[in-house]
Each structure stands twice: as structure tokens, then as C-alpha cells.
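Shown below: model-v7.cif, with mmCIF, C-alpha atoms.
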```
data_data
loop_
_atom_site.label_atom_id
_atom_site.label_comp_id
_atom_site.auth_asym_id
_atom_site.auth_seq_id
_atom_site.Cartn_x
_atom_site.Cartn_y
_atom_site.Cartn_z
CA MET A 4 -36.53 25.89 -6.35
CA ARG A 5 -35.53 26.20 -2.70
CA SER A 6 -35.86 22.45 -2.15
CA THR A 7 -33.68 21.77 -5.21
CA ARG A 8 -30.90 23.97 -3.82
CA LEU A 9 -31.25 22.36 -0.40
CA LEU A 10 -31.14 18.89 -1.94
CA LEU A 11 -28.10 19.79 -4.05
CA ARG A 12 -26.31 21.31 -1.05
CA SER A 13 -27.04 18.35 1.22
CA GLY A 14 -26.11 15.90 -1.57
CA LEU A 15 -22.72 17.54 -2.03
CA THR A 16 -22.16 17.47 1.72
CA LEU A 17 -23.03 13.77 1.88
CA ALA A 18 -20.79 12.99 -1.10
CA ALA A 19 -17.88 14.81 0.55
CA ALA A 20 -18.50 12.96 3.81
CA ALA A 21 -18.56 9.61 1.98
CA ALA A 22 -15.29 10.38 0.17
CA PHE A 23 -13.50 11.69 3.29
CA PRO A 24 -12.32 8.27 4.62
CA THR A 25 -10.94 7.42 1.17
CA TRP A 26 -9.04 10.70 1.07
CA LEU A 27 -7.61 10.06 4.54
CA ALA A 28 -6.41 6.60 3.56
CA GLY A 29 -4.33 8.05 0.70
CA PRO A 30 -1.78 6.04 -1.25
CA SER A 31 -0.43 4.18 1.78
CA ALA A 32 -3.61 2.11 1.90
CA ALA A 33 -2.71 0.58 -1.41
CA LEU A 34 0.48 -1.02 -0.13
CA SER A 35 0.13 -4.77 0.17
CA GLY A 36 3.39 -5.40 1.98
CA ILE A 37 5.13 -8.57 2.99
CA SER A 38 5.29 -10.84 6.03
CA VAL A 39 8.67 -12.23 7.07
CA SER A 40 9.28 -14.90 9.71
CA THR A 41 12.14 -17.08 10.98
CA ILE A 42 12.21 -20.56 12.42
CA GLY A 43 15.68 -21.61 13.43
CA THR A 44 17.97 -20.81 10.51
CA THR A 45 15.17 -20.65 7.93
CA VAL A 46 13.80 -17.28 6.80
CA SER A 47 10.54 -17.17 4.85
CA VAL A 48 8.54 -14.38 3.23
CA VAL A 49 4.90 -14.30 2.15
CA THR A 50 3.14 -11.65 0.05
CA SER A 51 -0.03 -11.22 -1.97
CA ALA A 52 1.11 -8.11 -3.82
CA CYS A 53 2.57 -9.67 -6.97
CA THR A 54 0.86 -10.73 -10.17
CA GLN A 55 2.23 -13.33 -12.54
CA SER A 56 3.94 -12.04 -15.67
CA ASN A 57 5.63 -14.28 -18.26
CA GLY A 58 5.41 -17.26 -15.89
CA SER A 59 7.13 -15.45 -13.00
CA TRP A 60 5.79 -13.88 -9.81
CA GLY A 61 9.02 -12.05 -9.04
CA ASN A 62 12.05 -12.49 -6.76
CA ALA A 63 12.89 -12.07 -3.10
CA SER A 64 16.34 -11.11 -1.87
CA LEU A 65 17.91 -11.66 1.58
CA LEU A 66 20.42 -8.89 2.35
CA ASN A 67 22.86 -8.98 5.27
CA SER A 68 23.78 -5.80 7.15
CA GLY A 69 26.62 -4.94 4.73
CA GLN A 70 24.52 -5.19 1.57
CA THR A 71 22.32 -2.38 0.26
CA ALA A 72 21.21 -3.37 -3.26
CA PHE A 73 18.68 -6.03 -4.20
CA ALA A 74 21.18 -7.72 -6.55
CA GLN A 75 23.75 -8.14 -3.74
CA GLY A 76 21.56 -10.43 -1.64
CA ARG A 77 20.67 -14.13 -1.87
CA GLN A 78 17.86 -14.17 -4.43
CA VAL A 79 15.03 -16.71 -4.59
CA ALA A 80 12.16 -16.81 -7.09
CA LEU A 81 8.66 -16.39 -5.64
CA ALA A 82 6.32 -19.35 -5.95
CA GLY A 83 2.61 -19.56 -5.23
CA THR A 84 -0.83 -18.66 -6.50
CA THR A 85 -2.80 -15.48 -7.21
CA VAL A 86 -3.73 -15.34 -3.51
CA SER A 87 -0.28 -15.79 -1.95
CA GLN A 88 3.33 -15.94 -3.09
CA SER A 89 6.27 -17.07 -0.94
CA ALA A 90 10.00 -17.71 -0.85
CA ALA A 91 12.38 -19.19 1.74
CA TRP A 92 16.09 -19.36 2.57
CA SER A 93 17.53 -22.15 4.72
CA GLY A 94 20.85 -22.33 6.55
CA VAL A 95 20.93 -18.59 7.24
CA PRO A 96 23.64 -17.65 9.78
CA THR A 97 22.78 -15.70 12.95
CA GLY A 98 22.39 -11.96 12.37
CA THR A 99 20.13 -9.17 11.21
CA TYR A 100 18.88 -9.29 7.63
CA THR A 101 16.64 -7.31 5.31
CA VAL A 102 14.18 -9.08 3.02
CA VAL A 103 13.15 -7.26 -0.18
CA VAL A 104 10.45 -8.56 -2.54
CA VAL A 105 10.34 -7.28 -6.13
CA CYS A 106 7.43 -8.40 -8.31
CA SER A 107 7.83 -9.43 -11.94
CA ASN A 108 6.46 -6.05 -13.06
CA GLY A 109 9.43 -4.34 -11.36
CA GLY A 110 7.49 -2.90 -8.40
CA THR A 111 8.66 -3.47 -4.84
CA ALA A 112 6.08 -5.38 -2.78
CA GLY A 113 7.81 -4.50 0.48
CA THR A 114 10.92 -4.49 2.63
CA GLN A 115 11.24 -5.86 6.15
CA SER A 116 14.06 -6.50 8.62
CA VAL A 117 14.37 -9.80 10.45
CA ILE A 118 16.67 -11.19 13.15
CA VAL A 119 17.91 -14.77 12.80
CA SER A 120 18.87 -16.21 16.17
CA GLY A 121 19.72 -19.72 15.00
CA THR A 122 17.58 -21.41 17.66
CA ALA A 123 14.41 -23.26 16.73
CA ALA A 124 12.30 -21.48 19.34
CA ALA A 125 9.30 -19.36 18.40
CA PRO A 126 9.18 -17.39 15.14
CA THR A 127 10.40 -13.81 15.52
CA THR A 128 10.16 -10.67 13.43
CA SER A 129 11.51 -7.18 13.90
CA SER A 130 10.15 -3.78 12.98
CA THR A 131 8.80 -3.35 9.49
CA THR A 132 10.01 -0.85 6.97
CA ARG A 133 7.17 -0.96 4.47
CA SER A 134 4.60 -3.56 5.38
CA ALA A 135 0.92 -2.72 5.59
CA ALA A 136 -0.44 -6.27 5.78
CA PRO A 137 -0.64 -8.31 8.98
CA SER A 138 1.12 -11.66 9.13
CA ARG A 139 -1.51 -14.09 7.84
CA GLY A 140 -4.06 -13.41 10.60
CA VAL A 141 -7.80 -13.31 10.23
CA MET A 142 -8.65 -11.61 6.95
CA GLY A 143 -11.64 -9.70 8.34
CA GLY A 144 -12.65 -6.21 7.31
CA LEU A 145 -14.69 -4.37 4.75
CA GLY A 146 -15.49 -6.96 2.13
CA GLY A 147 -12.40 -7.63 0.02
CA ALA A 148 -9.91 -7.60 2.88
CA ALA A 149 -8.18 -10.73 1.59
CA ARG A 150 -6.83 -8.71 -1.35
CA ASP A 151 -6.02 -5.03 -1.69
CA TYR A 152 -7.76 -3.60 -4.74
CA GLY A 153 -6.22 -0.12 -4.59
CA PRO A 154 -7.46 3.46 -4.36
CA LEU A 155 -9.38 3.42 -7.66
CA THR A 156 -11.66 0.60 -6.56
CA LEU A 157 -12.01 2.19 -3.12
CA GLY A 158 -13.01 5.49 -4.76
CA ILE A 159 -15.60 3.82 -6.98
CA GLY A 160 -17.03 2.01 -3.97
CA ALA A 161 -17.17 5.26 -1.98
CA ALA A 162 -18.96 6.96 -4.89
CA LEU A 163 -21.53 4.15 -5.04
CA VAL A 164 -22.13 4.34 -1.29
CA GLY A 165 -22.40 8.13 -1.49
CA SER A 166 -24.90 8.01 -4.34
CA GLY A 167 -26.93 5.45 -2.38
CA VAL A 168 -27.00 7.76 0.63
CA ILE A 169 -28.05 10.70 -1.55
CA ALA A 170 -30.79 8.67 -3.24
CA THR A 171 -32.10 7.47 0.13
CA GLY A 172 -32.13 11.02 1.48
CA TRP A 173 -33.95 12.27 -1.60
CA TYR A 174 -36.54 9.48 -1.36
CA LEU A 175 -37.17 10.09 2.35
CA ARG A 176 -37.39 13.84 1.82
CA LYS A 177 -39.97 13.40 -0.96
CA ARG A 178 -41.93 10.94 1.13
CA SER A 179 -42.07 13.21 4.19
CA LYS A 180 -43.86 16.03 2.33
CA PRO A 181 -47.67 16.03 2.57
CA TYR A 182 -49.49 14.70 -0.47
CA ARG A 183 -50.61 17.54 -2.76
CA LEU A 184 -52.59 17.44 -5.97
#
```

Written as C-alpha cells, that's how I'd like the structure from this file.
Amino acid sequence: MRSTRLLLRSGLTLAAAAAFPTWLAGPSAALSGISVSTIGTTVSVVTSACTQSNGSWGNASLLNSGQTAFAQGRQVALAGTTVSQSAAWSGVPTGTYTVVVVCSNGGTAGTQSVIVSGTAAAPTTSSTTRSAAPSRGVMGGLGGAARDYGPLTLGIGAALVGSGVIATGWYLRKRSKPYRL
């Protein structure tokens, strides 16, 4: 009876410890974000947050400093695959702009500001407003780092890892007791 209580208590502790990183990540970990870059007078955006619906991935809008609504900007339809969607604007005058990407399901994939200098030097970006993804770097990490599967999948994975830790602890605890008939 005592060992059952001890096992239950330690199992709950291990389950809480396994779920703690998921709880810390919260909803902000689910944001896929966007990556915006400029080369000369061309502004481009890349995202992996949108899914195709009715043959459309969604739209991207380039807003100048005087515009505040998505509909006011220069809109371009996203093109791409299930892994990556992109859009581009050419002939953009010098200035500071905001790029907003809205997926076909109506959700915003992200918003980011960018400065267009008009020179064809190195690509530049400014501070991000809502971008959790790096700009197409190495996609290393914990397994499915190339795509964000959201908090539900993360929670299920944490539960599986936690149950594995509990089962291992239970097995080792049983094995460490002397053999009795």
C-alpha cells in the first residue's frame, strides 16, 4: 500500500515536470510568423503558417506608414506549397512599410515592419511585430521544427514522454526490490 502511494505521488510529480515546459511555452509557441526581406526595391515575404483553402493560400498586403488597414495596402496573393508560401512586391519606393499576411482561413500569419532603402546592397529587415520563426535558417530542433504543429500536439507529445518516464521509473523500482516468493 505504501509503495502504491509512493509510486502514485512520484508519478504525478514526474507528469507535472514533463508538462511544465509545455505550460511555459503557452500560446505564443504556436505562432508561425513571417519572414520579410528587401533587395533593392523588391520586398518579399515568406511564411509556412497558411493552409490552402478553395485553391487559395491567402493574401499579403504592403502598407506604407500612412495606412493602417489590410485592405488599404498593395495586396498580392500568396503562392507556394504546403511547406512554404511567399509573395513579392517590386518597384517599392524608399520608406518604411508594414507587411501583413492573412491566410485564406482569415487568420493573420504575422505582421512585420521593413525598411526599403532603394539600393541593391544586402537584404535588410527591421524589428518584428509578431514573428516567431527565424528567416529560413537551419530548421533544427525537437523533431518537427520545420513545421509548427501547435499546443495540442505538443501536449500529447509531453504526455507520451511523461508516461514513458513513469513506466520506466515503475519498472526500475520493481526490479530493484529483492526477489520474494

Is it possible to get the axis-aligned box enclosing stretch 174-178 of chain A (all listed atoms, 5 Å extra per side) as AutoDock Vina command-line options, with centre and edge lengths in Å rounded to one decimal?
```
--center_x -39.2 --center_y 11.7 --center_z 0.5 --size_x 15.4 --size_y 14.4 --size_z 13.7
```

**Message:** So, with only C-alpha atoms as the atoms that count, which of A:Val119, A:Val86, A:Val104, A:Ala74 lies closest to A:Thr41?
**Reply:**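 When distances to A:Thr41 are compared using only C-alpha atoms, the smallest one comes from A:Val119.
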
**Request:** Find, counting all atoms listed in the file, the residue in A:Asn57, A:Ser68, A:Asn62, A:Ser166 that gets nearest to A:Leu81.
**Result:**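 Using all atoms listed in the file, the shortest distance to A:Leu81 belongs to A:Asn62.
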
**Prompt:** So what do you get for atom CA of A:Thr44 versus atom CA of A:Asn67, distance-wise?
**Reply:**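 It comes out at 13.8 Å.
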
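Computed from the coordinates, the atom CA of A:Ala63 to atom CA of A:Ser93 distance equals 13.6 Å.
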
**Request:** Quick one: pull the distance between atom CA of A:Ser51 and atom CA of A:Thr71, Å, one decimal.
**Result:** 24.1 Å

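With the shown file loaded, the PyMOL selection byres ((chain A and resi 38) around 6) picks out A:Ile37, A:Val39, A:Val48, A:Val49, A:Ser138.
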
**Item:** Distance query stretch 100-103 of chain A at most 7 Å, all atoms listed in the file, self and fewer than 5 positions along chain excluded, as JSON, numbers by chain
**Value:** {"A": [63, 64, 65, 66, 67, 68, 73, 113, 114, 115, 116, 117, 118]}

**Request:** Point out the residue among A:Ala90, A:Leu175, A:Ile169, A:Ala52 with the least atom-to-atom distance to A:Gly110, counting all atoms listed in the file.
**Result:**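 Under the stated criterion, the closest residue is A:Ala52.
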
**Message:** Can you spell out as a ChimeraX atom specification the set of residues that the PyMOL selection byres ((chain A and resi 59) around 10) selects in the structure I just provided?
**Reply:** /A:53-58,60-62,80-83,106-108
